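One structure is given here, and the rest of the page talks about it.
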Amino acid sequence: MTELNTGNPAPALVLATDGEGQFDLGAHKGRKVVVYFYPKADTPGCTTEGQDFSALADQFEAANTVIIGISRDPVKKLDKFKAKHDLKIILGSDEDGVVTEAWGVWILKKLYGREYMGIERATFLIDSQGAIAGVWHNVKVKGHASAVLEAAQAL
């Protein structure tokens with residue numbers, strides 16, 4: 001598993017997105033990018049996280065920062081999730097798992113004594129030159145989007 005740290009170049013990231021779009025991290029040089037990984041669309045914590053980032057979307061934009069939330073959900077599910085909760089951020093689909101593996105967030109998880117592979121809730125802040133400027137692992141949703149905004153504004 002890859003361990004990404006501040007100062008490392010961000011791994012390649014090209015994904016299908018909601019709205020039949022495509023997101024290519026390399027096309028965003030000159031802007032900061034928040035890449036956050038969440039386990040599953042339309043679950044309570046993931047919904048709250050998406051809503052929190054959406055509520056701050058204008059402030060992120062003012063800080064020259066684009067946001068993409070990534071899960072292994074298919075694009076069709078992401079479209080429904082975004083519409084249902086009026087999310088204002090880009091949602092990327094990593095159905096084949098290439099991106100979650102490359103970013104080191106596909107991990108062994110434990111719940112009620114059962115072990116399984118799943119996405120770690122993690123966030124990466126990429127600077128305008130494509131380097132990792134901030135890393136948050138095992139994210140607790142409450143207050144997280146605000147903390148990431150502060151970090152983006154400070155860059």
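Starting from 1 in every chain, residues are counted up; chains themselves are A, B, ... following the order of the structure tokens, and ligands are numbered from 1 as listed.
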If we count only C-alpha atoms, what is near Ala62 in chain A at a cut-off of 12 Å, once residues fewer than 5 positions away on the same chain are taken out, given as a list in words?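 The filter keeps Arg31, Lys32, Leu56, Ala57, Leu149, Ala152 and Gln153 of chain A.
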Kindly assemble as JSON lines a list of the range 98-121 of chain A residues that lie within 12 Å of range 8-30 of chain A, each paired with its nearest atom pair and their distance in Å to one decimal, using only C-alpha atoms, sorted first by chain and then by ascending residue number.
```
{"residue": "A:Val98", "atom": "CA", "partner": "A:Leu13", "partner_atom": "CA", "distance": 9.2}
{"residue": "A:Val99", "atom": "CA", "partner": "A:Leu13", "partner_atom": "CA", "distance": 6.6}
{"residue": "A:Thr100", "atom": "CA", "partner": "A:Leu13", "partner_atom": "CA", "distance": 9.8}
{"residue": "A:Glu101", "atom": "CA", "partner": "A:Pro11", "partner_atom": "CA", "distance": 10.5}
{"residue": "A:Ala102", "atom": "CA", "partner": "A:Pro11", "partner_atom": "CA", "distance": 6.9}
{"residue": "A:Trp103", "atom": "CA", "partner": "A:Pro11", "partner_atom": "CA", "distance": 6.8}
{"residue": "A:Gly104", "atom": "CA", "partner": "A:Pro11", "partner_atom": "CA", "distance": 10.2}
```
Looking at A:Met117, A:Cys46, A:Ile90, A:Ala83, which one is nearest to Val33 in chain A, with distances taken over only C-alpha atoms?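 That would be A:Ile90, the residue with the smallest distance to Val33 in chain A.
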Would you mind listing what lies within 9 Å of Val34 in chain A as JSON, numbers by chain, with only C-alpha atoms counted and same-chain residues fewer than 5 positions away left out? {"A": [65, 66, 67, 68, 69, 123, 124, 125, 126, 127, 148, 152]}
Only C-alpha atoms, please: the residues just picked out, written as a PDB file, in the first residue's frame.
```pdb
ATOM      1  CA  THR A  65      -9.678  25.343  -4.919  1.00  0.00           C
ATOM      2  CA  VAL A  66     -11.702  22.636  -6.651  1.00  0.00           C
ATOM      3  CA  ILE A  67     -13.227  19.715  -4.685  1.00  0.00           C
ATOM      4  CA  ILE A  68     -13.730  16.113  -5.779  1.00  0.00           C
ATOM      5  CA  GLY A  69     -15.224  13.392  -3.605  1.00  0.00           C
ATOM      6  CA  THR A 123      -8.672  13.806   2.449  1.00  0.00           C
ATOM      7  CA  PHE A 124      -5.720  15.181   0.510  1.00  0.00           C
ATOM      8  CA  LEU A 125      -5.082  18.833  -0.271  1.00  0.00           C
ATOM      9  CA  ILE A 126      -3.070  19.270  -3.461  1.00  0.00           C
ATOM     10  CA  ASP A 127      -1.235  22.547  -4.035  1.00  0.00           C
ATOM     11  CA  VAL A 148      -9.674  21.696   5.018  1.00  0.00           C
ATOM     12  CA  ALA A 152      -6.566  25.675   1.460  1.00  0.00           C
TER      13      ALA A 152
END
```
Find the residues near Ala122 in chain A: any atom within 7 Å, counting only C-alpha atoms, skip ones fewer than 3 places away on the same chain, and give them as a PyMOL selection string. chain A and resi 36-37+136-139
Would you write out those residues with C-alpha atoms, as a PDB file, in the first residue's frame?
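Once everything was written out, this is selection_9.pdb:
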```pdb
ATOM      1  CA  TYR A  36     -11.551  13.372  -0.469  1.00  0.00           C
ATOM      2  CA  PHE A  37     -12.378   9.687  -0.321  1.00  0.00           C
ATOM      3  CA  TRP A 136      -6.082  13.784   6.817  1.00  0.00           C
ATOM      4  CA  HIS A 137      -6.568  10.064   7.586  1.00  0.00           C
ATOM      5  CA  ASN A 138      -9.446   8.425   9.469  1.00  0.00           C
ATOM      6  CA  VAL A 139     -11.482  11.593   9.079  1.00  0.00           C
TER       7      VAL A 139
END
```
Quick one, how far is CA of Gly118 in chain A from CA of Pro39 in chain A?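 Computed distance, CA of Gly118 in chain A to CA of Pro39 in chain A, equals 6.8 Å.
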So which residues of range 6-75 of chain A fall under alpha helix (DSSP H) by DSSP, listed as a PyMOL selection string? chain A and resi 44-55+57-62+75
Going by DSSP on the backbone, which bits of chain A are strand (DSSP E or B)? Write them as an mmCIF file with N, CA, C and O atoms, in the first residue's frame, please.
```cif
data_model
loop_
_atom_site.group_PDB
_atom_site.id
_atom_site.type_symbol
_atom_site.label_atom_id
_atom_site.label_comp_id
_atom_site.auth_asym_id
_atom_site.auth_seq_id
_atom_site.Cartn_x
_atom_site.Cartn_y
_atom_site.Cartn_z
ATOM 1 N N PRO A 9 4.517 14.203 -4.737
ATOM 2 C CA PRO A 9 3.647 14.551 -5.862
ATOM 3 C C PRO A 9 2.358 13.730 -5.762
ATOM 4 O O PRO A 9 2.395 12.561 -5.354
ATOM 5 N N VAL A 14 -7.509 10.227 -12.927
ATOM 6 C CA VAL A 14 -8.433 10.470 -14.031
ATOM 7 C C VAL A 14 -9.629 9.571 -13.799
ATOM 8 O O VAL A 14 -9.490 8.350 -13.721
ATOM 9 N N LEU A 15 -10.802 10.199 -13.625
ATOM 10 C CA LEU A 15 -12.012 9.442 -13.283
ATOM 11 C C LEU A 15 -13.234 9.950 -14.022
ATOM 12 O O LEU A 15 -13.344 11.146 -14.302
ATOM 13 N N ALA A 16 -14.174 9.038 -14.249
ATOM 14 C CA ALA A 16 -15.511 9.437 -14.689
ATOM 15 C C ALA A 16 -16.190 10.101 -13.499
ATOM 16 O O ALA A 16 -15.964 9.721 -12.349
ATOM 17 N N THR A 17 -17.002 11.121 -13.780
ATOM 18 C CA THR A 17 -17.678 11.845 -12.710
ATOM 19 C C THR A 17 -19.181 11.889 -12.955
ATOM 20 O O THR A 17 -19.669 11.524 -14.030
ATOM 21 N N GLY A 21 -19.282 13.475 -16.743
ATOM 22 C CA GLY A 21 -18.050 14.227 -16.894
ATOM 23 C C GLY A 21 -16.821 13.369 -16.693
ATOM 24 O O GLY A 21 -16.898 12.153 -16.518
ATOM 25 N N GLN A 22 -15.670 14.030 -16.738
ATOM 26 C CA GLN A 22 -14.402 13.381 -16.445
ATOM 27 C C GLN A 22 -13.535 14.374 -15.678
ATOM 28 O O GLN A 22 -13.530 15.564 -15.980
ATOM 29 N N PHE A 23 -12.831 13.859 -14.692
ATOM 30 C CA PHE A 23 -11.938 14.684 -13.885
ATOM 31 C C PHE A 23 -10.522 14.191 -14.095
ATOM 32 O O PHE A 23 -10.236 13.004 -13.942
ATOM 33 N N ASP A 24 -9.626 15.113 -14.451
ATOM 34 C CA ASP A 24 -8.213 14.809 -14.634
ATOM 35 C C ASP A 24 -7.436 15.774 -13.747
ATOM 36 O O ASP A 24 -7.424 16.980 -13.997
ATOM 37 N N LYS A 32 -5.605 24.749 -6.562
ATOM 38 C CA LYS A 32 -5.523 23.769 -5.485
ATOM 39 C C LYS A 32 -6.690 22.796 -5.658
ATOM 40 O O LYS A 32 -7.728 23.169 -6.216
ATOM 41 N N VAL A 33 -6.494 21.579 -5.197
ATOM 42 C CA VAL A 33 -7.538 20.560 -5.338
ATOM 43 C C VAL A 33 -7.685 19.818 -4.017
ATOM 44 O O VAL A 33 -6.689 19.382 -3.426
ATOM 45 N N VAL A 34 -8.923 19.669 -3.568
ATOM 46 C CA VAL A 34 -9.239 18.823 -2.426
ATOM 47 C C VAL A 34 -9.741 17.504 -2.994
ATOM 48 O O VAL A 34 -10.715 17.473 -3.746
ATOM 49 N N VAL A 35 -9.036 16.417 -2.670
ATOM 50 C CA VAL A 35 -9.433 15.077 -3.076
ATOM 51 C C VAL A 35 -9.840 14.363 -1.797
ATOM 52 O O VAL A 35 -8.993 14.108 -0.937
ATOM 53 N N TYR A 36 -11.148 14.095 -1.665
ATOM 54 C CA TYR A 36 -11.551 13.372 -0.469
ATOM 55 C C TYR A 36 -12.206 12.050 -0.857
ATOM 56 O O TYR A 36 -12.913 11.957 -1.853
ATOM 57 N N PHE A 37 -11.877 11.037 -0.088
ATOM 58 C CA PHE A 37 -12.378 9.687 -0.321
ATOM 59 C C PHE A 37 -13.416 9.365 0.742
ATOM 60 O O PHE A 37 -13.211 9.643 1.926
ATOM 61 N N THR A 65 -9.759 26.761 -5.275
ATOM 62 C CA THR A 65 -9.678 25.343 -4.919
ATOM 63 C C THR A 65 -10.892 24.594 -5.451
ATOM 64 O O THR A 65 -12.031 25.003 -5.222
ATOM 65 N N VAL A 66 -10.640 23.506 -6.153
ATOM 66 C CA VAL A 66 -11.702 22.636 -6.651
ATOM 67 C C VAL A 66 -11.795 21.423 -5.728
ATOM 68 O O VAL A 66 -10.790 21.014 -5.136
ATOM 69 N N ILE A 67 -12.998 20.851 -5.585
ATOM 70 C CA ILE A 67 -13.227 19.715 -4.685
ATOM 71 C C ILE A 67 -13.749 18.535 -5.487
ATOM 72 O O ILE A 67 -14.680 18.680 -6.279
ATOM 73 N N ILE A 68 -13.182 17.349 -5.225
ATOM 74 C CA ILE A 68 -13.730 16.113 -5.779
ATOM 75 C C ILE A 68 -13.828 15.086 -4.660
ATOM 76 O O ILE A 68 -12.870 14.861 -3.921
ATOM 77 N N GLY A 69 -15.004 14.498 -4.535
ATOM 78 C CA GLY A 69 -15.224 13.392 -3.605
ATOM 79 C C GLY A 69 -15.219 12.099 -4.398
ATOM 80 O O GLY A 69 -15.849 12.011 -5.457
ATOM 81 N N ILE A 70 -14.509 11.086 -3.899
ATOM 82 C CA ILE A 70 -14.336 9.839 -4.654
ATOM 83 C C ILE A 70 -14.786 8.637 -3.834
ATOM 84 O O ILE A 70 -14.428 8.491 -2.661
ATOM 85 N N SER A 71 -15.567 7.762 -4.480
ATOM 86 C CA SER A 71 -15.955 6.479 -3.905
ATOM 87 C C SER A 71 -15.886 5.432 -5.014
ATOM 88 O O SER A 71 -15.578 5.760 -6.160
ATOM 89 N N ILE A 90 -17.840 17.999 -7.210
ATOM 90 C CA ILE A 90 -17.660 16.935 -8.199
ATOM 91 C C ILE A 90 -17.584 15.604 -7.462
ATOM 92 O O ILE A 90 -16.915 15.488 -6.431
ATOM 93 N N LEU A 91 -18.257 14.592 -7.991
ATOM 94 C CA LEU A 91 -18.175 13.243 -7.431
ATOM 95 C C LEU A 91 -17.550 12.326 -8.470
ATOM 96 O O LEU A 91 -18.028 12.246 -9.606
ATOM 97 N N GLY A 92 -16.474 11.638 -8.082
ATOM 98 C CA GLY A 92 -15.763 10.753 -8.986
ATOM 99 C C GLY A 92 -16.027 9.299 -8.672
ATOM 100 O O GLY A 92 -16.171 8.913 -7.513
ATOM 101 N N SER A 93 -16.095 8.479 -9.718
ATOM 102 C CA SER A 93 -16.351 7.051 -9.592
ATOM 103 C C SER A 93 -15.086 6.245 -9.850
ATOM 104 O O SER A 93 -14.510 6.311 -10.940
ATOM 105 N N TRP A 106 -7.530 2.161 0.156
ATOM 106 C CA TRP A 106 -8.248 0.880 0.135
ATOM 107 C C TRP A 106 -7.590 0.026 1.219
ATOM 108 O O TRP A 106 -6.471 -0.450 1.062
ATOM 109 N N ILE A 107 -8.277 -0.105 2.355
ATOM 110 C CA ILE A 107 -7.651 -0.686 3.542
ATOM 111 C C ILE A 107 -8.507 -1.784 4.164
ATOM 112 O O ILE A 107 -9.700 -1.901 3.880
ATOM 113 N N LEU A 108 -7.875 -2.546 5.042
ATOM 114 C CA LEU A 108 -8.582 -3.541 5.830
ATOM 115 C C LEU A 108 -9.309 -2.814 6.959
ATOM 116 O O LEU A 108 -8.703 -2.056 7.719
ATOM 117 N N LYS A 109 -10.619 -3.038 7.046
ATOM 118 C CA LYS A 109 -11.435 -2.392 8.068
ATOM 119 C C LYS A 109 -12.045 -3.462 8.964
ATOM 120 O O LYS A 109 -12.157 -4.617 8.559
ATOM 121 N N LYS A 110 -12.439 -3.044 10.152
ATOM 122 C CA LYS A 110 -13.087 -3.968 11.091
ATOM 123 C C LYS A 110 -14.368 -3.330 11.601
ATOM 124 O O LYS A 110 -14.384 -2.150 11.952
ATOM 125 N N LEU A 111 -15.434 -4.124 11.615
ATOM 126 C CA LEU A 111 -16.712 -3.664 12.135
ATOM 127 C C LEU A 111 -17.396 -4.838 12.814
ATOM 128 O O LEU A 111 -17.638 -5.867 12.183
ATOM 129 N N ARG A 114 -15.902 -8.211 12.330
ATOM 130 C CA ARG A 114 -15.781 -8.690 10.956
ATOM 131 C C ARG A 114 -14.738 -7.837 10.230
ATOM 132 O O ARG A 114 -14.726 -6.618 10.360
ATOM 133 N N GLU A 115 -13.857 -8.477 9.480
ATOM 134 C CA GLU A 115 -12.849 -7.765 8.700
ATOM 135 C C GLU A 115 -13.247 -7.758 7.227
ATOM 136 O O GLU A 115 -13.747 -8.764 6.710
ATOM 137 N N TYR A 116 -13.025 -6.636 6.589
ATOM 138 C CA TYR A 116 -13.344 -6.497 5.173
ATOM 139 C C TYR A 116 -12.517 -5.358 4.589
ATOM 140 O O TYR A 116 -12.002 -4.521 5.317
ATOM 141 N N MET A 117 -12.394 -5.330 3.275
ATOM 142 C CA MET A 117 -11.690 -4.251 2.593
ATOM 143 C C MET A 117 -12.691 -3.133 2.282
ATOM 144 O O MET A 117 -13.824 -3.395 1.887
ATOM 145 N N GLY A 118 -12.230 -1.892 2.480
ATOM 146 C CA GLY A 118 -13.100 -0.755 2.213
ATOM 147 C C GLY A 118 -12.283 0.517 2.096
ATOM 148 O O GLY A 118 -11.075 0.536 2.322
ATOM 149 N N ILE A 119 -12.967 1.591 1.763
ATOM 150 C CA ILE A 119 -12.311 2.882 1.601
ATOM 151 C C ILE A 119 -12.176 3.567 2.954
ATOM 152 O O ILE A 119 -13.146 3.700 3.692
ATOM 153 N N ALA A 122 -10.601 9.646 3.963
ATOM 154 C CA ALA A 122 -9.338 10.395 3.965
ATOM 155 C C ALA A 122 -9.449 11.567 3.011
ATOM 156 O O ALA A 122 -10.218 11.530 2.045
ATOM 157 N N THR A 123 -8.670 12.602 3.274
ATOM 158 C CA THR A 123 -8.672 13.806 2.449
ATOM 159 C C THR A 123 -7.231 14.233 2.163
ATOM 160 O O THR A 123 -6.374 14.153 3.040
ATOM 161 N N PHE A 124 -7.019 14.678 0.937
ATOM 162 C CA PHE A 124 -5.720 15.181 0.510
ATOM 163 C C PHE A 124 -5.920 16.567 -0.095
ATOM 164 O O PHE A 124 -6.818 16.769 -0.908
ATOM 165 N N LEU A 125 -5.086 17.496 0.311
ATOM 166 C CA LEU A 125 -5.082 18.833 -0.271
ATOM 167 C C LEU A 125 -3.865 18.921 -1.186
ATOM 168 O O LEU A 125 -2.731 18.705 -0.743
ATOM 169 N N ILE A 126 -4.126 19.199 -2.452
ATOM 170 C CA ILE A 126 -3.070 19.270 -3.461
ATOM 171 C C ILE A 126 -2.812 20.741 -3.770
ATOM 172 O O ILE A 126 -3.760 21.498 -4.022
ATOM 173 N N ALA A 131 1.591 19.016 -5.800
ATOM 174 C CA ALA A 131 2.171 18.309 -4.654
ATOM 175 C C ALA A 131 1.150 18.231 -3.518
ATOM 176 O O ALA A 131 0.280 19.102 -3.381
ATOM 177 N N ILE A 132 1.279 17.204 -2.708
ATOM 178 C CA ILE A 132 0.383 17.047 -1.571
ATOM 179 C C ILE A 132 0.788 18.042 -0.484
ATOM 180 O O ILE A 132 1.921 18.040 -0.018
ATOM 181 N N ALA A 133 -0.159 18.901 -0.104
ATOM 182 C CA ALA A 133 0.104 19.937 0.892
ATOM 183 C C ALA A 133 -0.547 19.631 2.229
ATOM 184 O O ALA A 133 -0.194 20.231 3.241
ATOM 185 N N GLY A 134 -1.498 18.704 2.247
ATOM 186 C CA GLY A 134 -2.170 18.335 3.488
ATOM 187 C C GLY A 134 -2.765 16.945 3.368
ATOM 188 O O GLY A 134 -3.230 16.558 2.292
ATOM 189 N N VAL A 135 -2.721 16.187 4.474
ATOM 190 C CA VAL A 135 -3.258 14.830 4.496
ATOM 191 C C VAL A 135 -4.043 14.641 5.790
ATOM 192 O O VAL A 135 -3.552 14.968 6.876
ATOM 193 N N TRP A 136 -5.253 14.125 5.658
ATOM 194 C CA TRP A 136 -6.082 13.784 6.817
ATOM 195 C C TRP A 136 -6.523 12.328 6.653
ATOM 196 O O TRP A 136 -7.191 11.994 5.681
#
```
Could you state the separation of CA of Gly130 in chain A and CA of Gly7 in chain A in Å, given to one decimal place?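 Value for the CA of Gly130 in chain A-CA of Gly7 in chain A distance: 9.5 Å.
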Quick one: pull the distance between CA of Leu87 in chain A and CA of Glu3 in chain A, Å, one decimal.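 Here the two named atoms are 29.6 Å from each other.
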Using only C-alpha atoms, the shortest atom-to-atom distance to Thr43 in chain A among A:Ala55, A:Leu155, A:Ala63, A:Leu78 belongs to A:Leu78
Pick out the residues sitting within 10 Å of Lys142 in chain A, and hand them over as a list in words; count only C-alpha atoms, and ignore anything fewer than 5 positions along from it in its own chain. Gly45, Thr48, Glu49, Asp52 and Ala147 of chain A
Looking at A:Val105, A:Val75, A:Ala154, A:Ala145, which one is nearest to Tyr38 in chain A, with distances taken over only C-alpha atoms?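 That would be A:Val105, the residue with the smallest distance to Tyr38 in chain A.
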So which one's closest to Phe60 in chain A, A:Arg72, A:Lys88, A:Glu95, A:Phe81? Using only C-alpha atoms, please.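 With only C-alpha atoms as the atom set, the closest residue is A:Lys88.
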For a quick check of understanding, using only C-alpha atoms, which of A:His144, A:Gln129, A:Pro74, A:Lys80 has the smallest distance to Asp42 in chain A?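 Comparing A:His144, A:Gln129, A:Pro74, A:Lys80 against Asp42 in chain A, the winner is A:Lys80.
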